[in-house]
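**Student:** Handing over start.txt, compact mmCIF, C-alpha atoms.
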# COMPACT_ATOMS: atom_id res chain seq x y z
CA MET A 126 -29.66 76.08 -80.43
CA SER A 127 -28.35 73.46 -78.02
CA THR A 128 -25.75 74.18 -75.39
CA GLN A 129 -22.96 71.75 -74.64
CA PRO A 130 -22.60 70.69 -71.00
CA ALA A 131 -19.53 72.02 -69.21
CA ARG A 132 -16.48 69.80 -69.38
CA ILE A 133 -15.46 69.22 -65.78
CA ALA A 134 -12.21 67.93 -64.29
CA VAL A 135 -12.31 66.84 -60.64
CA VAL A 136 -8.86 66.97 -59.02
CA HIS A 137 -8.29 65.03 -55.79
CA ASP A 138 -5.04 65.00 -53.83
CA TRP A 139 -4.49 61.23 -53.90
CA LEU A 140 -6.37 57.94 -53.71
CA ASP A 141 -5.08 55.13 -51.54
CA THR A 142 -7.71 54.48 -48.85
CA TRP A 143 -11.17 55.69 -47.81
CA ARG A 144 -11.65 58.54 -45.37
CA GLY A 145 -13.79 61.67 -45.16
CA GLY A 146 -12.28 63.27 -48.26
CA GLU A 147 -13.21 60.25 -50.33
CA ASN A 148 -16.81 60.50 -49.10
CA VAL A 149 -16.83 64.03 -50.51
CA LEU A 150 -15.23 62.88 -53.76
CA ALA A 151 -17.89 60.18 -54.23
CA ALA A 152 -20.68 62.70 -53.70
CA VAL A 153 -19.17 65.17 -56.19
CA LEU A 154 -18.67 62.46 -58.82
CA ASP A 155 -22.27 61.35 -58.29
CA LEU A 156 -23.38 64.91 -59.02
CA TYR A 157 -21.19 65.11 -62.13
CA PRO A 158 -20.66 61.58 -63.47
CA SER A 159 -19.40 62.87 -66.82
CA ALA A 160 -16.47 64.59 -65.08
CA ASP A 161 -12.95 63.20 -65.45
CA LEU A 162 -10.91 62.41 -62.35
CA PHE A 163 -7.29 63.43 -61.69
CA ALA A 164 -4.99 62.76 -58.70
CA LEU A 165 -1.32 62.65 -57.79
CA VAL A 166 -1.53 58.85 -57.41
CA ASP A 167 -4.30 56.28 -57.52
CA PHE A 168 -3.69 53.17 -55.45
CA LEU A 169 -7.29 52.76 -54.29
CA PRO A 170 -8.05 49.09 -53.58
CA ASP A 171 -10.49 47.43 -55.97
CA SER A 172 -12.79 46.71 -53.02
CA LEU A 173 -13.36 50.47 -52.61
CA ARG A 174 -13.34 51.58 -56.24
CA ALA A 175 -17.03 50.85 -56.79
CA ARG A 176 -17.79 53.72 -54.40
CA ILE A 177 -16.47 56.16 -57.03
CA GLY A 178 -18.26 54.44 -59.88
CA GLY A 179 -15.28 52.25 -60.81
CA ARG A 180 -13.29 55.26 -62.03
CA ARG A 181 -9.52 55.35 -62.23
CA ALA A 182 -7.80 58.70 -61.97
CA THR A 183 -5.39 60.18 -64.47
CA THR A 184 -2.25 60.42 -62.34
CA SER A 185 1.06 62.29 -62.15
CA PHE A 186 4.58 60.96 -62.59
CA LEU A 187 4.60 60.01 -58.90
CA GLN A 188 2.43 56.99 -59.76
CA HIS A 189 5.36 55.35 -61.54
CA ILE A 190 8.14 55.95 -59.01
CA PRO A 191 9.28 52.58 -57.57
CA GLY A 192 7.83 52.02 -54.12
CA ALA A 193 5.31 54.83 -54.46
CA ARG A 194 2.38 52.63 -53.47
CA ALA A 195 3.74 52.29 -49.94
CA HIS A 196 5.81 55.46 -49.63
CA PHE A 197 4.39 58.22 -51.85
CA ARG A 198 3.81 60.52 -48.84
CA LYS A 199 7.59 60.66 -48.36
CA LEU A 200 7.74 62.39 -51.75
CA LEU A 201 5.99 65.47 -50.31
CA PRO A 202 8.59 67.96 -51.66
CA LEU A 203 7.70 66.77 -55.18
CA PHE A 204 3.94 67.25 -54.76
CA PRO A 205 3.76 70.84 -56.12
CA ARG A 206 5.59 69.89 -59.32
CA ALA A 207 3.54 66.71 -59.64
CA ILE A 208 0.16 68.45 -59.32
CA ALA A 209 1.24 71.08 -61.87
CA SER A 210 2.12 68.27 -64.31
CA LEU A 211 -1.52 67.16 -64.63
CA ASP A 212 -2.95 68.40 -67.92
CA VAL A 213 -6.47 69.77 -67.41
CA SER A 214 -6.21 72.36 -70.19
CA SER A 215 -9.15 70.97 -72.21
CA TYR A 216 -11.76 71.47 -69.47
CA ASP A 217 -14.10 74.38 -68.86
CA THR A 218 -14.32 73.96 -65.08
CA ILE A 219 -11.84 72.54 -62.61
CA ILE A 220 -13.19 71.36 -59.24
CA SER A 221 -10.35 70.64 -56.83
CA ILE A 222 -11.04 68.77 -53.59
CA SER A 223 -8.01 69.77 -51.60
CA HIS A 224 -6.46 69.16 -48.20
CA ALA A 225 -2.93 69.34 -49.58
CA VAL A 226 -1.96 70.30 -53.13
CA ALA A 227 -4.95 69.67 -55.43
CA LYS A 228 -5.73 73.40 -55.49
CA GLY A 229 -2.32 73.92 -57.16
CA VAL A 230 -3.35 72.28 -60.44
CA ARG A 231 -2.31 74.49 -63.35
CA VAL A 232 -5.16 76.33 -65.07
CA ARG A 233 -5.20 78.46 -68.20
CA GLU A 234 -6.91 81.76 -68.87
CA GLY A 235 -10.64 81.31 -69.39
CA GLN A 236 -10.95 78.22 -67.21
CA ARG A 237 -12.91 78.37 -63.97
CA HIS A 238 -11.28 76.83 -60.90
CA LEU A 239 -13.48 76.08 -57.90
CA CYS A 240 -11.83 74.64 -54.78
CA TYR A 241 -13.73 72.66 -52.18
CA CYS A 242 -11.16 73.06 -49.43
CA LEU A 243 -11.09 70.37 -46.76
CA THR A 244 -8.36 72.43 -45.07
CA PRO A 245 -5.30 74.46 -45.97
CA MET A 246 -2.31 72.09 -45.82
CA ARG A 247 -2.29 71.16 -42.11
CA TYR A 248 1.37 70.26 -41.68
CA ALA A 249 2.53 73.45 -43.43
CA TRP A 250 0.26 75.86 -41.57
CA ASP A 251 -1.03 74.71 -38.19
CA LEU A 252 -0.06 71.28 -36.91
CA ARG A 253 3.73 71.03 -36.91
CA GLU A 254 3.83 70.43 -33.15
CA GLN A 255 1.43 67.51 -33.53
CA TYR A 256 3.35 65.97 -36.45
CA PHE A 257 6.75 66.55 -34.80
CA PRO A 258 6.04 66.45 -31.02
CA PRO A 259 8.91 67.43 -28.71
CA GLY A 260 10.75 64.39 -27.36
CA SER A 261 9.59 62.09 -30.17
CA GLY A 262 11.70 60.42 -32.81
CA ALA A 263 10.07 62.67 -35.39
CA ALA A 264 11.26 65.76 -33.48
CA ARG A 265 14.82 65.09 -34.71
CA LEU A 266 13.59 65.80 -38.23
CA ARG A 267 12.02 69.14 -37.26
CA PRO A 268 14.85 71.46 -38.49
CA VAL A 269 14.89 69.88 -41.95
CA ALA A 270 11.10 69.57 -42.01
CA ASN A 271 10.70 73.26 -41.15
CA ARG A 272 12.66 74.29 -44.23
CA VAL A 273 10.59 72.02 -46.48
CA LEU A 274 7.29 73.04 -44.89
CA ASP A 275 8.10 76.75 -45.02
CA ARG A 276 8.61 76.42 -48.78
CA LEU A 277 5.38 74.43 -49.07
CA ARG A 278 3.49 77.09 -47.13
CA ASP A 279 4.76 79.78 -49.48
CA TRP A 280 3.83 77.63 -52.47
CA ASP A 281 0.40 76.90 -51.00
CA ARG A 282 -0.35 80.60 -50.52
CA GLU A 283 0.72 81.33 -54.09
CA ALA A 284 -1.29 78.36 -55.44
CA SER A 285 -4.44 79.72 -53.79
CA ARG A 286 -4.34 82.65 -56.22
CA GLY A 287 -5.21 80.27 -59.05
CA VAL A 288 -8.57 79.51 -57.41
CA ASP A 289 -11.55 81.59 -58.51
CA GLU A 290 -13.81 80.64 -55.61
CA PHE A 291 -13.39 78.65 -52.41
CA ALA A 292 -15.91 76.57 -50.51
CA ALA A 293 -15.03 75.29 -47.05
CA ILE A 294 -16.26 72.23 -45.18
CA SER A 295 -17.00 74.22 -42.00
CA ASN A 296 -16.92 77.71 -40.56
CA PHE A 297 -13.76 76.63 -38.74
CA ILE A 298 -12.04 75.96 -42.08
CA ALA A 299 -13.47 79.11 -43.68
CA GLN A 300 -11.70 81.06 -40.93
CA ARG A 301 -8.47 79.14 -41.57
CA ILE A 302 -8.73 79.91 -45.31
CA ALA A 303 -9.15 83.60 -44.48
CA ARG A 304 -6.02 83.53 -42.28
CA ALA A 305 -3.88 81.51 -44.68
CA TYR A 306 -4.96 82.87 -48.06
CA GLY A 307 -6.78 86.10 -47.29
CA ARG A 308 -9.78 84.77 -49.19
CA PRO A 309 -13.48 84.35 -48.33
CA ALA A 310 -15.06 80.90 -48.55
CA GLN A 311 -18.66 79.73 -48.76
CA VAL A 312 -19.44 76.97 -46.24
CA VAL A 313 -20.82 73.75 -47.72
CA TYR A 314 -20.92 71.01 -45.11
CA PRO A 315 -19.85 67.54 -46.31
CA PRO A 316 -22.54 64.87 -46.66
CA VAL A 317 -23.27 62.30 -43.99
CA ASP A 318 -24.61 58.96 -45.22
CA THR A 319 -27.67 58.94 -42.98
CA ALA A 320 -29.26 56.18 -45.07
CA PHE A 321 -26.48 53.76 -44.12
CA PHE A 322 -25.70 55.08 -40.63
CA ARG A 323 -29.03 54.69 -38.85
CA PRO A 324 -30.32 53.08 -35.66
CA GLY A 325 -30.69 49.31 -35.63
CA GLU A 326 -33.89 47.36 -35.13
CA LEU A 327 -32.76 45.76 -31.86
CA ARG A 328 -32.51 47.58 -28.55
CA PRO A 329 -28.87 48.79 -28.20
CA THR A 330 -26.75 47.27 -25.43
CA ARG A 331 -25.04 50.54 -24.40
CA ASP A 332 -22.51 48.59 -22.29
CA TYR A 333 -19.32 50.20 -23.64
CA HIS A 334 -17.93 53.47 -24.96
CA PHE A 335 -16.45 53.58 -28.46
CA THR A 336 -13.93 55.44 -30.58
CA ALA A 337 -12.67 54.91 -34.13
CA SER A 338 -9.97 56.76 -36.03
CA ARG A 339 -6.71 56.63 -37.92
CA TRP A 340 -4.15 56.45 -35.09
CA VAL A 341 -2.05 59.53 -35.80
CA ALA A 342 -0.82 61.96 -33.17
CA TYR A 343 -3.36 64.75 -33.56
CA LYS A 344 -6.32 62.36 -33.20
CA ARG A 345 -5.31 61.87 -29.53
CA ILE A 346 -6.41 58.25 -29.24
CA ASP A 347 -3.73 58.02 -26.55
CA ALA A 348 -5.66 60.50 -24.36
CA ILE A 349 -8.90 58.52 -24.77
CA VAL A 350 -7.24 55.21 -23.89
CA GLY A 351 -5.43 56.91 -21.00
CA ALA A 352 -8.75 58.17 -19.64
CA PHE A 353 -10.13 54.65 -19.44
CA ALA A 354 -7.00 53.50 -17.63
CA GLN A 355 -8.32 55.78 -14.88
CA MET A 356 -11.81 54.23 -15.11
CA PRO A 357 -11.32 50.45 -14.80
CA SER A 358 -15.04 49.85 -14.25
CA ARG A 359 -15.94 51.28 -17.66
CA ARG A 360 -15.32 49.51 -20.95
CA LEU A 361 -13.83 51.09 -24.09
CA VAL A 362 -13.80 49.61 -27.61
CA VAL A 363 -11.28 51.11 -30.04
CA ALA A 364 -11.36 50.65 -33.82
CA GLY A 365 -8.61 51.65 -36.23
CA ASP A 366 -4.85 51.45 -36.53
CA GLY A 367 -1.94 53.65 -37.49
CA PRO A 368 1.54 54.94 -36.64
CA ASP A 369 0.68 55.51 -32.96
CA ALA A 370 -0.45 51.89 -32.44
CA ALA A 371 2.38 50.72 -30.19
CA ARG A 372 2.15 53.74 -27.88
CA VAL A 373 -1.65 53.60 -27.69
CA ARG A 374 -1.73 49.89 -26.91
CA ALA A 375 0.87 50.31 -24.18
CA LEU A 376 -1.46 52.69 -22.34
CA ALA A 377 -4.42 50.31 -22.29
CA GLY A 378 -5.75 48.40 -19.34
CA PRO A 379 -7.82 45.20 -19.46
CA ASN A 380 -11.02 47.25 -19.87
CA VAL A 381 -9.91 48.43 -23.35
CA GLN A 382 -10.64 46.23 -26.38
CA PHE A 383 -8.91 46.84 -29.73
CA VAL A 384 -10.80 45.59 -32.79
CA GLY A 385 -8.52 46.89 -35.57
CA GLU A 386 -9.68 48.27 -38.88
CA VAL A 387 -13.32 47.30 -39.38
CA PRO A 388 -15.65 47.36 -42.42
CA ARG A 389 -18.48 49.89 -42.52
CA GLU A 390 -21.08 47.35 -41.42
CA ARG A 391 -19.10 46.48 -38.29
CA LEU A 392 -18.39 50.17 -37.61
CA ARG A 393 -22.11 50.87 -37.75
CA GLU A 394 -22.89 48.00 -35.38
CA LEU A 395 -20.31 49.24 -32.88
CA MET A 396 -21.72 52.77 -33.08
CA ARG A 397 -25.31 51.60 -32.63
CA ASN A 398 -24.59 49.77 -29.39
CA ALA A 399 -22.18 52.21 -27.76
CA GLN A 400 -23.08 54.36 -24.78
CA SER A 401 -21.10 57.16 -26.41
CA PHE A 402 -18.69 57.88 -29.25
CA LEU A 403 -15.48 59.64 -28.14
CA PHE A 404 -13.70 62.18 -30.35
CA ALA A 405 -10.55 63.90 -29.07
CA ALA A 406 -9.17 65.62 -32.19
CA GLU A 407 -9.34 69.26 -33.17
CA GLU A 408 -10.84 68.30 -36.51
CA ASP A 409 -11.68 70.32 -39.58
CA PHE A 410 -15.25 69.00 -39.69
CA GLY A 411 -15.43 65.51 -38.20
CA ILE A 412 -17.80 63.28 -40.11
CA VAL A 413 -17.48 60.22 -37.83
CA PRO A 414 -19.18 61.91 -34.83
CA LEU A 415 -22.11 62.69 -37.12
CA GLU A 416 -22.23 59.08 -38.29
CA ALA A 417 -22.45 58.08 -34.63
CA GLN A 418 -25.27 60.58 -34.03
CA ALA A 419 -27.05 59.21 -37.12
CA CYS A 420 -26.99 55.85 -35.29
CA ALA A 421 -28.68 57.59 -32.30
CA THR A 422 -25.48 57.53 -30.23
CA PRO A 423 -24.36 60.64 -28.30
CA VAL A 424 -20.85 62.05 -28.67
CA ILE A 425 -18.16 63.14 -26.21
CA ALA A 426 -15.91 65.57 -28.07
CA TYR A 427 -13.07 68.05 -27.70
CA ALA A 428 -14.54 71.54 -27.74
CA ARG A 429 -12.57 72.85 -30.70
CA GLY A 430 -12.83 72.78 -34.48
CA GLY A 431 -15.72 71.46 -36.50
CA ALA A 432 -17.23 69.56 -33.57
CA LEU A 433 -18.61 72.85 -32.26
CA GLU A 434 -20.76 73.04 -35.41
CA THR A 435 -22.02 69.45 -35.39
CA ILE A 436 -22.70 68.56 -31.73
CA VAL A 437 -25.32 70.18 -29.50
CA ALA A 438 -24.13 70.23 -25.90
CA ASP A 439 -26.75 72.41 -24.21
CA GLY A 440 -30.50 72.69 -23.99
CA PRO A 441 -33.36 70.30 -24.66
CA HIS A 442 -31.91 69.06 -27.97
CA SER A 443 -28.53 67.99 -26.60
CA THR A 444 -26.60 65.34 -28.54
CA GLY A 445 -23.46 65.08 -26.41
CA VAL A 446 -20.97 66.76 -24.10
CA PHE A 447 -17.68 68.61 -24.64
CA PHE A 448 -14.35 68.59 -22.81
CA ASP A 449 -11.92 71.51 -22.87
CA ALA A 450 -8.50 69.83 -22.70
CA GLN A 451 -7.03 66.87 -24.61
CA THR A 452 -6.06 65.07 -21.39
CA PRO A 453 -7.13 61.77 -19.84
CA ALA A 454 -8.48 63.60 -16.79
CA ALA A 455 -10.68 65.94 -18.84
CA ILE A 456 -11.99 63.05 -20.94
CA ALA A 457 -12.74 60.97 -17.83
CA ASP A 458 -14.73 63.89 -16.39
CA ALA A 459 -16.67 64.18 -19.67
CA VAL A 460 -17.53 60.48 -19.65
CA ALA A 461 -18.93 60.88 -16.14
CA ALA A 462 -20.85 63.99 -17.24
CA LEU A 463 -22.39 62.15 -20.19
CA GLU A 464 -23.42 59.20 -18.03
CA ALA A 465 -25.03 61.62 -15.58
CA ALA A 466 -26.87 63.34 -18.44
CA ALA A 467 -27.86 60.13 -20.26
CA ALA A 468 -31.53 60.44 -19.28
CA ARG A 469 -31.87 63.82 -21.03
CA ILE A 470 -29.90 62.98 -24.19
CA ASP A 471 -32.40 61.47 -26.59
CA GLY A 472 -31.16 59.20 -29.37
CA ALA A 473 -33.88 60.61 -31.62
CA GLU A 474 -32.39 64.09 -31.14
CA CYS A 475 -28.98 62.74 -32.12
CA ARG A 476 -30.49 61.29 -35.27
CA ARG A 477 -32.33 64.52 -36.15
CA ASN A 478 -29.17 66.53 -35.70
CA ALA A 479 -27.24 64.25 -38.06
CA GLU A 480 -29.99 64.48 -40.67
CA ARG A 481 -29.26 68.22 -40.98
CA PHE A 482 -26.04 67.19 -42.72
CA GLY A 483 -27.52 64.64 -45.14
CA LEU A 484 -26.72 64.15 -48.80
CA GLN A 485 -29.63 66.18 -50.17
CA ARG A 486 -28.40 69.30 -48.41
CA PHE A 487 -24.89 68.78 -49.74
CA ARG A 488 -26.09 68.30 -53.32
CA ARG A 489 -28.26 71.41 -53.19
CA GLU A 490 -25.57 73.62 -51.68
CA PHE A 491 -22.72 72.28 -53.82
CA VAL A 492 -24.70 72.90 -57.02
CA ALA A 493 -25.40 76.43 -55.77
CA PHE A 494 -21.66 76.89 -55.21
CA THR A 495 -20.60 75.64 -58.65
CA GLY A 496 -23.54 77.05 -60.58
CA ILE A 497 -23.50 73.85 -62.66
CA PRO A 498 -26.70 71.76 -62.62
CA ALA A 499 -26.30 68.18 -61.46
CA ASP A 500 -26.22 65.63 -64.24
CA GLY A 501 -25.81 62.66 -61.93
CA SER A 502 -27.87 60.20 -59.98
CA THR A 503 -30.29 61.38 -57.32
CA ALA A 504 -30.54 57.89 -55.87
CA GLY A 505 -30.27 57.94 -52.13
CA THR A 506 -30.72 61.70 -51.74
CA ARG A 507 -32.52 62.80 -48.64
Please go through the file and, once you have read it, give me the structure as structure tokens.

**Tutor:**
Amino acid sequence: MSTQPARIAVVHDWLDTWRGGENVLAAVLDLYPSADLFALVDFLPDSLRARIGGRRATTSFLQHIPGARAHFRKLLPLFPRAIASLDVSSYDTIISISHAVAKGVRVREGQRHLCYCLTPMRYAWDLREQYFPPGSGAARLRPVANRVLDRLRDWDREASRGVDEFAAISNFIAQRIARAYGRPAQVVYPPVDTAFFRPGELRPTRDYHFTASRWVAYKRIDAIVGAFAQMPSRRLVVAGDGPDAARVRALAGPNVQFVGEVPRERLRELMRNAQSFLFAAEEDFGIVPLEAQACATPVIAYARGGALETIVADGPHSTGVFFDAQTPAAIADAVAALEAAAARIDGAECRRNAERFGLQRFRREFVAFTGIPADGSTAGTR
């Protein structure tokens, strides 16, 4: 008697660009290529779609609202209703990959709902000060935003009850899930593409420090750029762009070079040749510092969040240094500390540390979490 494979729906929050959550999505779809994909909206550029096997998501009514491509995030109050409108009733197993509302997809009795939680909804639970900093233009919206976000927080807590089991991307997030939802979560670290991010064949130049990020407030690119304003003899290269661009650029001295959004190949080249990669966010996991370590480049990071689980700052296997405050002065001190410790930080140790988070580990642990054997490609596993 043959058994039919489980019918799987993978629910992602939204698709419009490529960040860490999309790396996770690609790895899950590679494990389960027969799964169907759902999202609030799907505006992923064609140039990136090949990385999810060319799939297009089944989307909610938000997809068809005029102007949604550019402004769907402004429709945040509609997200709970939109995610509940997705019909996944014909599937045996729902896998939600959620940093916002994907976990709130409506399930029926007898279905199994597994949530790989990138974080409980940040702006509803933890980061309102960062999204609406005092003295900013956004701060004027805080009273109205608080009412909306309080309702979203209540909805988010209630939506968590529809999840049978949680997995978290780090111990840091597992603790946040416990605080927000009162639920345990198994830790399954996201995969780092250590096949792509690897040292180059040429000797690295190591004549600059480097950072790359989406320029939003909590990433604290302003503090990094401000630190190098205090260190005119040291060079900083900054990749990325975002809402904080004007403020960040205004802080820069002539020793700071902005290179904009760069393709993966250019990002890898910049990582390979940097003296360090700087990371100032309190991040849920932080995959980019591991990509830098995979390129044999040490990391200077804020000593909070997922970085504490992915960077070794003490002992013979050190891969970087930490700083304790998100200020230019603290970052400048950390840069000096890394330069002083450069002789004992081995690029090979950085690479070995990153390899602990490779794709093979993710596949093994994610299959253990779901209990569903992989039916996808094993190409590139390590």

**Student:** In terms of the shortest atom-to-atom distance over all atoms listed in the file, which of A:Gly472, A:Tyr333, A:Gly178, A:Phe168 is closest to A:His196?

**Tutor:** A:Phe168

**Student:** Can you pull out every residue within 12 Å of A:Ile190, counting all atoms listed in the file, but drop anything in the same chain fewer than 3 positions away, and send it as a list in words?

**Tutor:**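 Once the adjacent positions are removed, what remains is Leu165, Val166, Thr184, Ser185, Phe186, Leu187, Ala193, Arg194, Ala195, His196, Phe197, Arg198, Lys199, Leu200, Leu203 and Ala207 of chain A.
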
**Student:** Could you save the residues just selected, with C-alpha atoms, as a PDB file, keeping the file's coordinate frame?

**Tutor:**
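Final file, out.pdb:
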ATOM      1  CA  LEU A 165      -1.320  62.650 -57.790  1.00  0.00           C
ATOM      2  CA  VAL A 166      -1.530  58.850 -57.410  1.00  0.00           C
ATOM      3  CA  THR A 184      -2.250  60.420 -62.340  1.00  0.00           C
ATOM      4  CA  SER A 185       1.060  62.290 -62.150  1.00  0.00           C
ATOM      5  CA  PHE A 186       4.580  60.960 -62.590  1.00  0.00           C
ATOM      6  CA  LEU A 187       4.600  60.010 -58.900  1.00  0.00           C
ATOM      7  CA  ALA A 193       5.310  54.830 -54.460  1.00  0.00           C
ATOM      8  CA  ARG A 194       2.380  52.630 -53.470  1.00  0.00           C
ATOM      9  CA  ALA A 195       3.740  52.290 -49.940  1.00  0.00           C
ATOM     10  CA  HIS A 196       5.810  55.460 -49.630  1.00  0.00           C
ATOM     11  CA  PHE A 197       4.390  58.220 -51.850  1.00  0.00           C
ATOM     12  CA  ARG A 198       3.810  60.520 -48.840  1.00  0.00           C
ATOM     13  CA  LYS A 199       7.590  60.660 -48.360  1.00  0.00           C
ATOM     14  CA  LEU A 200       7.740  62.390 -51.750  1.00  0.00           C
ATOM     15  CA  LEU A 203       7.700  66.770 -55.180  1.00  0.00           C
ATOM     16  CA  ALA A 207       3.540  66.710 -59.640  1.00  0.00           C
TER      17      ALA A 207
END

**Student:** Name all residues at most 10 Å from A:Ile497 (count all atoms listed in the file; drop same-chain ones fewer than 3 positions away) and give them as JSON, numbers by chain.

**Tutor:** {"A": [130, 131, 133, 156, 157, 218, 491, 492, 493, 494, 500]}

**Student:** Taking into account only C-alpha atoms, which residue in the set A:Ala405, A:Val149, A:Ala320, A:Ala454 is nearest to A:Cys420?

**Tutor:**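 Once distances to A:Cys420 are computed over only C-alpha atoms, the minimum belongs to A:Ala320.
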
**Student:** Using all atoms listed in the file, collect all residues at a distance of at most 10 Å from (-19.6, 70.1, -25.5) as written in the file, then present them as a tab-separated table (two decimals) with C-alpha atoms, in the coordinates of the input.

**Tutor:**
chain	number	residue	atom	x	y	z
A	424	VAL	CA	-20.85	62.05	-28.67
A	425	ILE	CA	-18.16	63.14	-26.21
A	426	ALA	CA	-15.91	65.57	-28.07
A	427	TYR	CA	-13.07	68.05	-27.70
A	428	ALA	CA	-14.54	71.54	-27.74
A	429	ARG	CA	-12.57	72.85	-30.70
A	432	ALA	CA	-17.23	69.56	-33.57
A	433	LEU	CA	-18.61	72.85	-32.26
A	436	ILE	CA	-22.70	68.56	-31.73
A	437	VAL	CA	-25.32	70.18	-29.50
A	438	ALA	CA	-24.13	70.23	-25.90
A	439	ASP	CA	-26.75	72.41	-24.21
A	443	SER	CA	-28.53	67.99	-26.60
A	444	THR	CA	-26.60	65.34	-28.54
A	445	GLY	CA	-23.46	65.08	-26.41
A	446	VAL	CA	-20.97	66.76	-24.10
A	447	PHE	CA	-17.68	68.61	-24.64
A	448	PHE	CA	-14.35	68.59	-22.81
A	449	ASP	CA	-11.92	71.51	-22.87
A	459	ALA	CA	-16.67	64.18	-19.67
A	463	LEU	CA	-22.39	62.15	-20.19

**Student:** If you measure from atom CA of A:Phe335 to atom CA of A:Ala175, what distance in Å do you get, rounded to one decimal?

**Tutor:**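 Taking atom CA of A:Phe335 as the start and atom CA of A:Ala175 as the end point, the length is 28.5 Å.
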
**Student:** For a quick check of understanding, using all atoms listed in the file, which of A:Val317, A:Leu162, A:Met246, A:Val273 has the smallest distance to A:Ala305?

**Tutor:**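 So, comparing all the options, the nearest one is A:Met246.
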
**Student:** Suppose you want the space between atom CA of A:Gly235 and atom CA of A:Leu150; what is it in Å?

**Tutor:**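 Taking atom CA of A:Gly235 as the start and atom CA of A:Leu150 as the end point, the length is 24.6 Å.
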
**Student:** Can you measure atom CA of A:Ile177 to atom CA of A:Ser214 for me? One decimal in Å is fine.

**Tutor:** 23.3 Å
